[in-house]
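> One file is attached below, target.txt, containing compact mmCIF, C-alpha atoms.
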# COMPACT_ATOMS: atom_id res chain seq x y z
CA MET A 540 -111.37 -100.10 64.19
CA ALA A 541 -108.12 -98.60 65.46
CA LEU A 542 -107.04 -95.43 63.66
CA HIS A 543 -103.52 -96.70 62.99
CA ASN A 544 -104.86 -99.51 60.80
CA ASP A 545 -105.90 -96.97 58.15
CA LEU A 546 -103.01 -94.51 58.46
CA PRO A 547 -100.36 -94.86 55.76
CA PRO A 548 -96.64 -94.67 56.57
CA LEU A 549 -96.24 -91.01 57.49
CA LEU A 550 -92.83 -90.58 55.86
CA ALA A 551 -94.29 -91.99 52.66
CA LEU A 552 -97.22 -89.59 52.93
CA ARG A 553 -94.89 -86.63 53.32
CA ALA A 554 -92.89 -87.77 50.29
CA PHE A 555 -96.05 -88.17 48.19
CA GLU A 556 -97.30 -84.70 49.12
CA ALA A 557 -94.02 -83.04 48.09
CA VAL A 558 -93.78 -84.91 44.78
CA ALA A 559 -97.46 -84.26 43.99
CA ARG A 560 -97.09 -80.55 44.76
CA HIS A 561 -93.96 -80.12 42.63
CA LEU A 562 -94.72 -82.85 40.07
CA SER A 563 -90.99 -83.44 40.25
CA PHE A 564 -88.93 -85.97 42.17
CA ILE A 565 -85.87 -83.71 41.87
CA LYS A 566 -87.52 -80.64 43.41
CA ALA A 567 -89.23 -82.70 46.12
CA ALA A 568 -85.97 -84.43 47.04
CA ASN A 569 -84.18 -81.07 47.30
CA GLU A 570 -86.94 -79.67 49.50
CA LEU A 571 -86.87 -82.65 51.88
CA SER A 572 -83.05 -82.98 51.77
CA VAL A 573 -83.15 -86.65 50.72
CA THR A 574 -81.93 -88.51 47.66
CA GLN A 575 -84.25 -89.11 44.71
CA SER A 576 -83.95 -92.87 45.19
CA ALA A 577 -85.00 -92.60 48.85
CA LEU A 578 -87.94 -90.40 47.87
CA SER A 579 -88.99 -92.79 45.09
CA HIS A 580 -88.84 -95.69 47.57
CA GLN A 581 -91.19 -93.86 49.96
CA VAL A 582 -93.69 -93.10 47.17
CA GLN A 583 -93.63 -96.74 46.06
CA LYS A 584 -94.21 -97.76 49.69
CA LEU A 585 -97.36 -95.64 49.76
CA GLU A 586 -98.53 -97.03 46.43
CA GLN A 587 -98.08 -100.56 47.78
CA HIS A 588 -100.02 -99.62 50.91
CA LEU A 589 -102.91 -98.32 48.77
CA GLY A 590 -102.64 -101.05 46.18
CA LYS A 591 -102.64 -98.68 43.19
CA PRO A 592 -100.31 -96.31 41.31
CA LEU A 593 -100.47 -92.63 42.19
CA PHE A 594 -98.23 -91.23 39.44
CA ILE A 595 -97.88 -91.62 35.70
CA ARG A 596 -94.12 -91.82 35.16
CA ARG A 597 -92.87 -90.55 31.81
CA THR A 598 -89.32 -90.21 30.50
CA ARG A 599 -88.91 -86.54 31.44
CA ALA A 600 -92.01 -85.76 33.47
CA ILE A 601 -94.53 -87.19 35.88
CA ASP A 602 -98.21 -86.59 36.45
CA LEU A 603 -100.80 -87.70 38.98
CA THR A 604 -103.20 -90.48 38.14
CA ALA A 605 -106.89 -89.72 38.69
CA ASP A 606 -106.71 -91.62 42.00
CA GLY A 607 -103.49 -89.81 42.88
CA GLN A 608 -105.04 -86.38 42.24
CA ARG A 609 -108.10 -87.29 44.32
CA TYR A 610 -105.94 -88.59 47.16
CA TYR A 611 -103.74 -85.46 47.09
CA ASP A 612 -106.80 -83.16 47.16
CA GLU A 613 -108.19 -85.04 50.17
CA ILE A 614 -105.04 -85.30 52.29
CA ARG A 615 -103.65 -81.81 51.67
CA PRO A 616 -106.17 -79.99 53.95
CA ALA A 617 -105.45 -82.55 56.69
CA LEU A 618 -101.69 -81.99 56.40
CA ASP A 619 -102.21 -78.22 56.46
CA ALA A 620 -104.29 -78.61 59.64
CA ILE A 621 -101.58 -80.74 61.28
CA ALA A 622 -98.94 -78.14 60.38
CA ALA A 623 -101.08 -75.30 61.76
CA ALA A 624 -101.73 -77.18 65.02
CA THR A 625 -98.02 -77.90 65.37
CA ARG A 626 -97.09 -74.24 64.87
CA THR A 627 -99.58 -73.26 67.56
CA GLN A 628 -98.21 -75.74 70.09
CA ARG A 629 -94.50 -75.37 69.37
CA VAL A 630 -92.57 -73.53 72.06
CA ALA A 631 -90.90 -70.53 70.47
CA THR A 632 -87.12 -70.70 70.49
CA ARG A 633 -85.67 -67.99 72.67
CA VAL A 634 -83.48 -65.66 70.62
CA THR A 635 -80.21 -64.57 72.20
CA VAL A 636 -78.63 -61.33 71.03
CA LEU A 637 -74.84 -61.35 70.77
CA ARG A 638 -73.15 -57.96 70.39
CA VAL A 639 -69.81 -58.01 68.59
CA GLY A 640 -67.58 -54.93 68.39
CA LEU A 641 -65.22 -54.79 65.41
CA LEU A 642 -63.81 -52.62 62.65
CA ALA A 643 -66.17 -51.96 59.77
CA SER A 644 -63.53 -53.15 57.29
CA PHE A 645 -63.23 -56.56 58.92
CA ALA A 646 -67.01 -56.85 59.10
CA THR A 647 -67.46 -55.95 55.43
CA LEU A 648 -64.49 -57.64 53.78
CA TRP A 649 -64.01 -60.79 55.87
CA LEU A 650 -66.74 -61.63 58.39
CA ALA A 651 -69.96 -60.82 56.52
CA PRO A 652 -69.30 -63.25 53.62
CA ARG A 653 -68.81 -66.06 56.17
CA LEU A 654 -71.43 -65.19 58.79
CA ALA A 655 -74.18 -67.33 57.25
CA GLY A 656 -72.22 -70.38 58.36
CA PHE A 657 -72.63 -69.37 61.99
CA LEU A 658 -76.28 -68.34 61.65
CA ASN A 659 -77.18 -71.65 60.01
CA ARG A 660 -75.55 -73.55 62.86
CA TYR A 661 -76.99 -71.37 65.64
CA PRO A 662 -80.29 -69.87 64.39
CA HIS A 663 -81.30 -68.91 67.95
CA ILE A 664 -78.33 -66.50 68.26
CA GLN A 665 -78.89 -63.08 66.70
CA VAL A 666 -75.52 -61.49 65.93
CA GLU A 667 -75.44 -57.70 66.17
CA LEU A 668 -72.28 -56.26 64.60
CA LEU A 669 -71.26 -52.91 66.08
CA PRO A 670 -68.53 -51.35 63.91
CA ALA A 671 -66.34 -48.73 65.58
CA ILE A 672 -62.80 -47.41 65.23
CA GLN A 673 -62.32 -47.28 68.99
CA LEU A 674 -62.08 -50.55 70.90
CA ALA A 675 -65.49 -51.16 72.48
CA ASN A 676 -65.34 -51.63 76.24
CA VAL A 677 -65.68 -55.39 76.62
CA ALA A 678 -64.89 -55.22 80.31
CA ALA A 679 -67.81 -52.82 80.89
CA ALA A 680 -70.14 -55.02 78.78
CA GLU A 681 -70.68 -52.48 76.00
CA VAL A 682 -70.32 -55.54 73.77
CA ASP A 683 -70.14 -59.26 74.53
CA LEU A 684 -66.88 -59.69 72.65
CA ALA A 685 -64.80 -57.85 70.08
CA ILE A 686 -62.54 -58.52 67.12
CA ARG A 687 -59.63 -56.13 66.75
CA TYR A 688 -56.65 -55.55 64.48
CA GLY A 689 -53.29 -55.01 66.11
CA LYS A 690 -50.65 -56.70 68.25
CA GLY A 691 -52.83 -57.97 71.09
CA ASP A 692 -51.55 -55.61 73.78
CA TRP A 693 -54.89 -54.22 75.03
CA PRO A 694 -55.22 -53.92 78.82
CA ASP A 695 -57.87 -55.39 81.15
CA VAL A 696 -59.19 -57.98 78.66
CA GLN A 697 -58.37 -61.48 77.46
CA THR A 698 -56.89 -61.65 73.97
CA THR A 699 -56.68 -64.65 71.63
CA ARG A 700 -54.90 -64.33 68.29
CA LEU A 701 -57.22 -65.47 65.53
CA MET A 702 -54.92 -65.14 62.52
CA PRO A 703 -51.88 -63.15 61.44
CA GLU A 704 -51.96 -60.57 58.67
CA VAL A 705 -49.64 -60.19 55.69
CA ILE A 706 -49.19 -56.59 54.57
CA SER A 707 -47.71 -54.80 51.58
CA PRO A 708 -48.29 -51.44 49.87
CA VAL A 709 -50.81 -51.75 47.03
CA CYS A 710 -52.33 -49.45 44.43
CA SER A 711 -54.31 -49.59 41.22
CA PRO A 712 -52.53 -50.75 38.03
CA ALA A 713 -53.03 -47.30 36.48
CA PHE A 714 -51.53 -45.55 39.50
CA LYS A 715 -48.50 -47.85 39.42
CA ALA A 716 -47.99 -47.20 35.70
CA ASN A 717 -47.88 -43.43 36.33
CA GLN A 718 -46.39 -43.57 39.81
CA ARG A 719 -44.09 -40.82 40.95
CA ASP A 720 -41.57 -41.09 43.76
CA ASN A 721 -43.86 -39.24 46.15
CA GLY A 722 -47.23 -40.94 45.68
CA ALA A 723 -49.70 -40.28 48.49
CA LEU A 724 -49.97 -42.86 51.27
CA LEU A 725 -53.60 -43.63 52.09
CA MET A 726 -54.09 -44.39 55.79
CA ALA A 727 -57.04 -45.35 57.96
CA THR A 728 -57.58 -43.15 61.00
CA SER A 729 -55.73 -44.74 63.93
CA HIS A 730 -53.98 -43.62 67.08
CA ARG A 731 -51.33 -46.26 66.34
CA PRO A 732 -50.38 -46.30 62.63
CA PHE A 733 -48.15 -49.34 63.14
CA GLU A 734 -48.64 -50.79 59.63
CA TRP A 735 -46.57 -48.22 57.76
CA THR A 736 -44.17 -47.82 60.70
CA ASP A 737 -43.47 -51.56 60.93
CA TRP A 738 -43.24 -52.04 57.16
CA SER A 739 -40.87 -49.12 56.58
CA ALA A 740 -38.66 -50.19 59.50
CA HIS A 741 -38.51 -53.78 58.26
CA PHE A 742 -37.48 -52.82 54.73
CA GLN A 743 -35.58 -49.66 55.83
CA VAL A 744 -37.64 -47.42 53.56
CA ASP A 745 -37.81 -43.67 54.13
CA LEU A 746 -41.40 -42.51 53.59
CA LYS A 747 -40.88 -38.84 54.44
CA GLN A 748 -41.26 -37.69 50.84
CA HIS A 749 -44.74 -39.25 50.59
CA PRO A 750 -47.72 -37.10 51.66
CA HIS A 751 -50.19 -38.78 54.00
CA VAL A 752 -53.93 -38.89 53.41
CA LEU A 753 -55.98 -39.87 56.48
CA LEU A 754 -59.33 -41.51 55.76
CA HIS A 755 -61.96 -42.49 58.30
CA ASP A 756 -62.06 -46.24 57.69
CA TYR A 757 -60.03 -48.93 55.94
CA ASN A 758 -62.97 -49.65 53.59
CA ILE A 759 -62.55 -46.10 52.26
CA VAL A 760 -58.78 -46.59 52.01
CA VAL A 761 -59.28 -49.66 49.82
CA GLU A 762 -61.81 -47.97 47.55
CA ALA A 763 -59.58 -44.90 47.20
CA ALA A 764 -56.65 -47.10 46.21
CA VAL A 765 -58.77 -48.95 43.64
CA ALA A 766 -59.80 -45.55 42.23
CA GLY A 767 -56.15 -44.61 41.73
CA GLN A 768 -55.90 -42.03 44.52
CA GLY A 769 -52.72 -43.31 46.13
CA ILE A 770 -50.97 -46.20 47.86
CA ALA A 771 -52.71 -48.19 50.60
CA MET A 772 -51.19 -50.66 53.01
CA GLY A 773 -52.78 -53.86 51.80
CA ARG A 774 -54.13 -56.20 54.43
CA HIS A 775 -54.06 -59.38 52.37
CA ARG A 776 -56.72 -61.16 54.44
CA LEU A 777 -59.17 -58.42 53.54
CA ILE A 778 -58.22 -57.57 49.98
CA GLU A 779 -57.51 -61.05 48.58
CA ARG A 780 -60.32 -60.78 46.02
CA LYS A 781 -59.08 -57.40 44.76
CA LEU A 782 -55.57 -58.77 44.42
CA ALA A 783 -56.95 -61.81 42.59
CA ASP A 784 -59.01 -59.78 40.12
CA GLY A 785 -56.17 -57.31 39.51
CA SER A 786 -57.93 -54.18 40.73
CA LEU A 787 -55.08 -53.82 43.24
CA VAL A 788 -51.42 -54.68 42.60
CA GLU A 789 -48.19 -54.50 44.57
CA ALA A 790 -47.00 -50.88 44.57
CA PHE A 791 -43.29 -51.69 45.12
CA GLU A 792 -40.90 -54.54 44.45
CA TRP A 793 -40.47 -55.65 48.08
CA PRO A 794 -42.16 -58.95 49.02
CA PRO A 795 -45.23 -59.02 51.30
CA TYR A 796 -44.34 -58.60 54.98
CA HIS A 797 -45.41 -61.27 57.48
CA SER A 798 -45.78 -58.98 60.45
CA GLU A 799 -46.67 -59.32 64.12
CA ILE A 800 -49.96 -57.59 63.35
CA GLY A 801 -53.07 -59.73 63.24
CA TYR A 802 -56.71 -60.16 64.20
CA TRP A 803 -57.56 -60.83 67.81
CA LEU A 804 -60.59 -62.04 69.73
CA ILE A 805 -61.21 -59.79 72.73
CA THR A 806 -63.24 -61.17 75.65
CA PRO A 807 -63.78 -60.02 79.25
CA GLN A 808 -61.55 -61.45 81.94
CA GLY A 809 -64.49 -63.14 83.62
CA PRO A 810 -66.84 -65.85 82.30
CA THR A 811 -68.67 -65.33 79.00
CA SER A 812 -72.15 -66.33 77.87
CA GLU A 813 -72.98 -69.54 76.03
CA ALA A 814 -73.70 -67.51 72.88
CA ALA A 815 -70.29 -65.84 73.12
CA GLU A 816 -68.63 -69.23 73.58
CA CYS A 817 -70.40 -70.60 70.49
CA PHE A 818 -69.40 -67.60 68.39
CA SER A 819 -65.82 -67.63 69.68
CA GLN A 820 -65.32 -71.28 68.77
CA TRP A 821 -66.95 -70.85 65.35
CA LEU A 822 -64.76 -67.79 64.68
CA LYS A 823 -61.57 -69.64 65.65
CA ASP A 824 -62.50 -72.50 63.32
CA ALA A 825 -63.33 -70.09 60.46
CA CYS A 826 -60.02 -68.27 60.89
CA ALA A 827 -58.11 -71.56 61.01
CA ASP A 828 -59.68 -72.53 57.66
CA ALA A 829 -59.05 -69.13 56.05
Could I get this file's structure written as structure tokens?

Amino acid sequence: MALHNDLPPLLALRAFEAVARHLSFIKAANELSVTQSALSHQVQKLEQHLGKPLFIRRTRAIDLTADGQRYYDEIRPALDAIAAATRTQRVATRVTVLRVGLLASFATLWLAPRLAGFLNRYPHIQVELLPAIQLANVAAAEVDLAIRYGKGDWPDVQTTRLMPEVISPVCSPAFKANQRDNGALLMATSHRPFEWTDWSAHFQVDLKQHPHVLLHDYNIVVEAAVAGQGIAMGRHRLIERKLADGSLVEAFEWPPYHSEIGYWLITPQGPTSEAAECFSQWLKDACADA
């Protein structure tokens, strides 16, 4: 007799195994990413094939019938064997490493909370984030691509503006309540401190009476401002949650400044890899939705 005459519908068998293991249609449906009604239909299909019920259905619970328990005990080793054989034969997916140079602040405050979306879509691409204050040499292939903060005027690379930034001086509520006219300005280490320069020029504010405190990274600047240590230039894209929860507030009465400063995708002038193309397009879409 041909083997297929005795084999049940395989989708129905898979549905039965999941429901029997969980003793729950809800949990089994979530595991298999199907609706409960579709799962119930597959189980009923198997029961019709066998000509007997496999589950005792109660109002808030289910249980296996004696025949259902026996059937589950007999098919489970066979399904385990099929899964093991499949794992042995499956060709391993080649993992591609993509190196991305960027500022630690952008990695921590903006990219990391969104990165799972890329990894779920492209599980074969392993993203390696390489934070650095200096612009990594994309042209010399130190990294595959980079994300930088500025005005897009870097030489010998291709630049694509991802999104603009809105800036304004911010501080903790306690600091603002006790603020003096010469509160310290907290600045991230940079060879081009254009944030404060552009902001003060736009609003014609003289900042000479304010002492400057240089900190290694913008993450430290933000935490120092939250701790009441001075006034930071708020990059609204990065500190939106702290503005929302009130741990940072506007330090002055001027409105936020929509500047020329923004976040840029930096790529080499020549062709890029498929992984870099995938990441670039995902990043552009994520920034467009932000």
> Mind listing as a list in words all residues within 8 Å of (-64.6, -57.1, 70.1), counting all atoms listed in the file?
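Output: Val639, Gly640, Leu641, Leu674, Ala675, Val677, Val682, Asp683, Leu684, Ala685, Ile686, Arg687, Leu804, Ile805 and Thr806 of chain A.
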> Could those selected residues go to a file with C-alpha atoms, as a CSV table (one decimal), in the frame of the given file?

chain,number,residue,atom,x,y,z
A,639,VAL,CA,-69.8,-58.0,68.6
A,640,GLY,CA,-67.6,-54.9,68.4
A,641,LEU,CA,-65.2,-54.8,65.4
A,674,LEU,CA,-62.1,-50.6,70.9
A,675,ALA,CA,-65.5,-51.2,72.5
A,677,VAL,CA,-65.7,-55.4,76.6
A,682,VAL,CA,-70.3,-55.5,73.8
A,683,ASP,CA,-70.1,-59.3,74.5
A,684,LEU,CA,-66.9,-59.7,72.6
A,685,ALA,CA,-64.8,-57.8,70.1
A,686,ILE,CA,-62.5,-58.5,67.1
A,687,ARG,CA,-59.6,-56.1,66.8
A,804,LEU,CA,-60.6,-62.0,69.7
A,805,ILE,CA,-61.2,-59.8,72.7
A,806,THR,CA,-63.2,-61.2,75.6
> What does the distance between CA of Ser572 (chain A) and CA of Ala551 (chain A) come to in Å, to one decimal place?
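CA of Ala551 (chain A) lies at a distance of 14.4 Å from CA of Ser572 (chain A).
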> Taking only C-alpha atoms into account, produce a table as a Markdown table in which each residue of region 698-735 of chain A with an atom at most 12 Å from an atom of region 739-745 of chain A appears once, together with its shortest atom pair and the distance in Å to one decimal, ordered by chain and rising number.

| residue | atom | partner | partner_atom | distance |
| --- | --- | --- | --- | --- |
| A:Ile706 | CA | A:Ser739 | CA | 11.4 |
| A:Ser707 | CA | A:Ser739 | CA | 10.2 |
| A:Pro708 | CA | A:Ser739 | CA | 10.3 |
| A:Asp720 | CA | A:Asp745 | CA | 11.3 |
| A:Asn721 | CA | A:Asp745 | CA | 11.0 |
| A:Pro732 | CA | A:Ser739 | CA | 11.6 |
| A:Phe733 | CA | A:Ser739 | CA | 9.8 |
| A:Glu734 | CA | A:Ser739 | CA | 8.5 |
| A:Trp735 | CA | A:Ser739 | CA | 5.9 |
> Which value, in Å to one decimal, gives the distance between CA of Ala617 (chain A) and CA of Ala557 (chain A)?
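Computing it gives 14.3 Å between the two atoms.
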> Could you check which of A:Leu585, A:Leu637, A:Ala600, A:Ala554 is closest to Glu816 (chain A), using all atoms listed in the file?
A:Leu637
> Applying 12 Å and only C-alpha atoms, which residues near Ala763 (chain A) remain after dropping the ones on its own chain fewer than 3 positions away? List them as a list in words.
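Near Ala763 (chain A), the qualifying residues are Val709, Cys710, Ser711, Phe714, Ala723, Leu724, Leu725, Met726, Ala727, Val752, Leu753, Leu754, His755, Asp756, Tyr757, Asn758, Ile759, Val760, Ala766, Gly767, Gln768, Gly769, Ile770, Ala771, Met772, Ser786 and Leu787 of chain A.
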> Around the point (-103.0, -95.1, 35.9) (coordinates from the file), which residues reach within 10 Å if we count all atoms listed in the file? Answer as a list in words.
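Neighbouring residues, ordered by chain and number, come to Lys591, Pro592, Leu593, Phe594, Ile595, Arg596, Asp602, Leu603, Thr604, Ala605, Asp606 and Gly607 of chain A.
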> Grab the CA of Leu658 (chain A) to CA of Leu571 (chain A) distance for me, in Å with one decimal place.
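That distance, rounded to one decimal, is 20.3 Å.
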> For region 798-810 of chain A, what centre and edge lengths in Å (one decimal) does the axis-aligned box get once 6 Å is added on each side of all its listed atoms, as JSON?

{"center_x": -56.3, "center_y": -61.7, "center_z": 72.0, "size_x": 33.1, "size_y": 20.3, "size_z": 35.2}
> Pick out the closest residue to Phe564 (chain A) from this set: A:Ala655, A:Leu549, A:Val634, A:Ile601. Count only C-alpha atoms.
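Going through A:Ala655, A:Leu549, A:Val634, A:Ile601 one by one, the smallest distance to Phe564 (chain A) is for A:Ile601.
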> Of the candidates A:Gly722, A:Gly691, A:Pro703, A:Pro794, which shows the shortest atom-to-atom distance to Ala829 (chain A), using all atoms listed in the file?
A:Pro703
> Which residue gives the smallest distance to Ser819 (chain A) among A:Pro712, A:Pro547, A:Glu681, A:Leu701, with only C-alpha atoms counted?
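Ranked by minimum distance to Ser819 (chain A), first place goes to A:Leu701.
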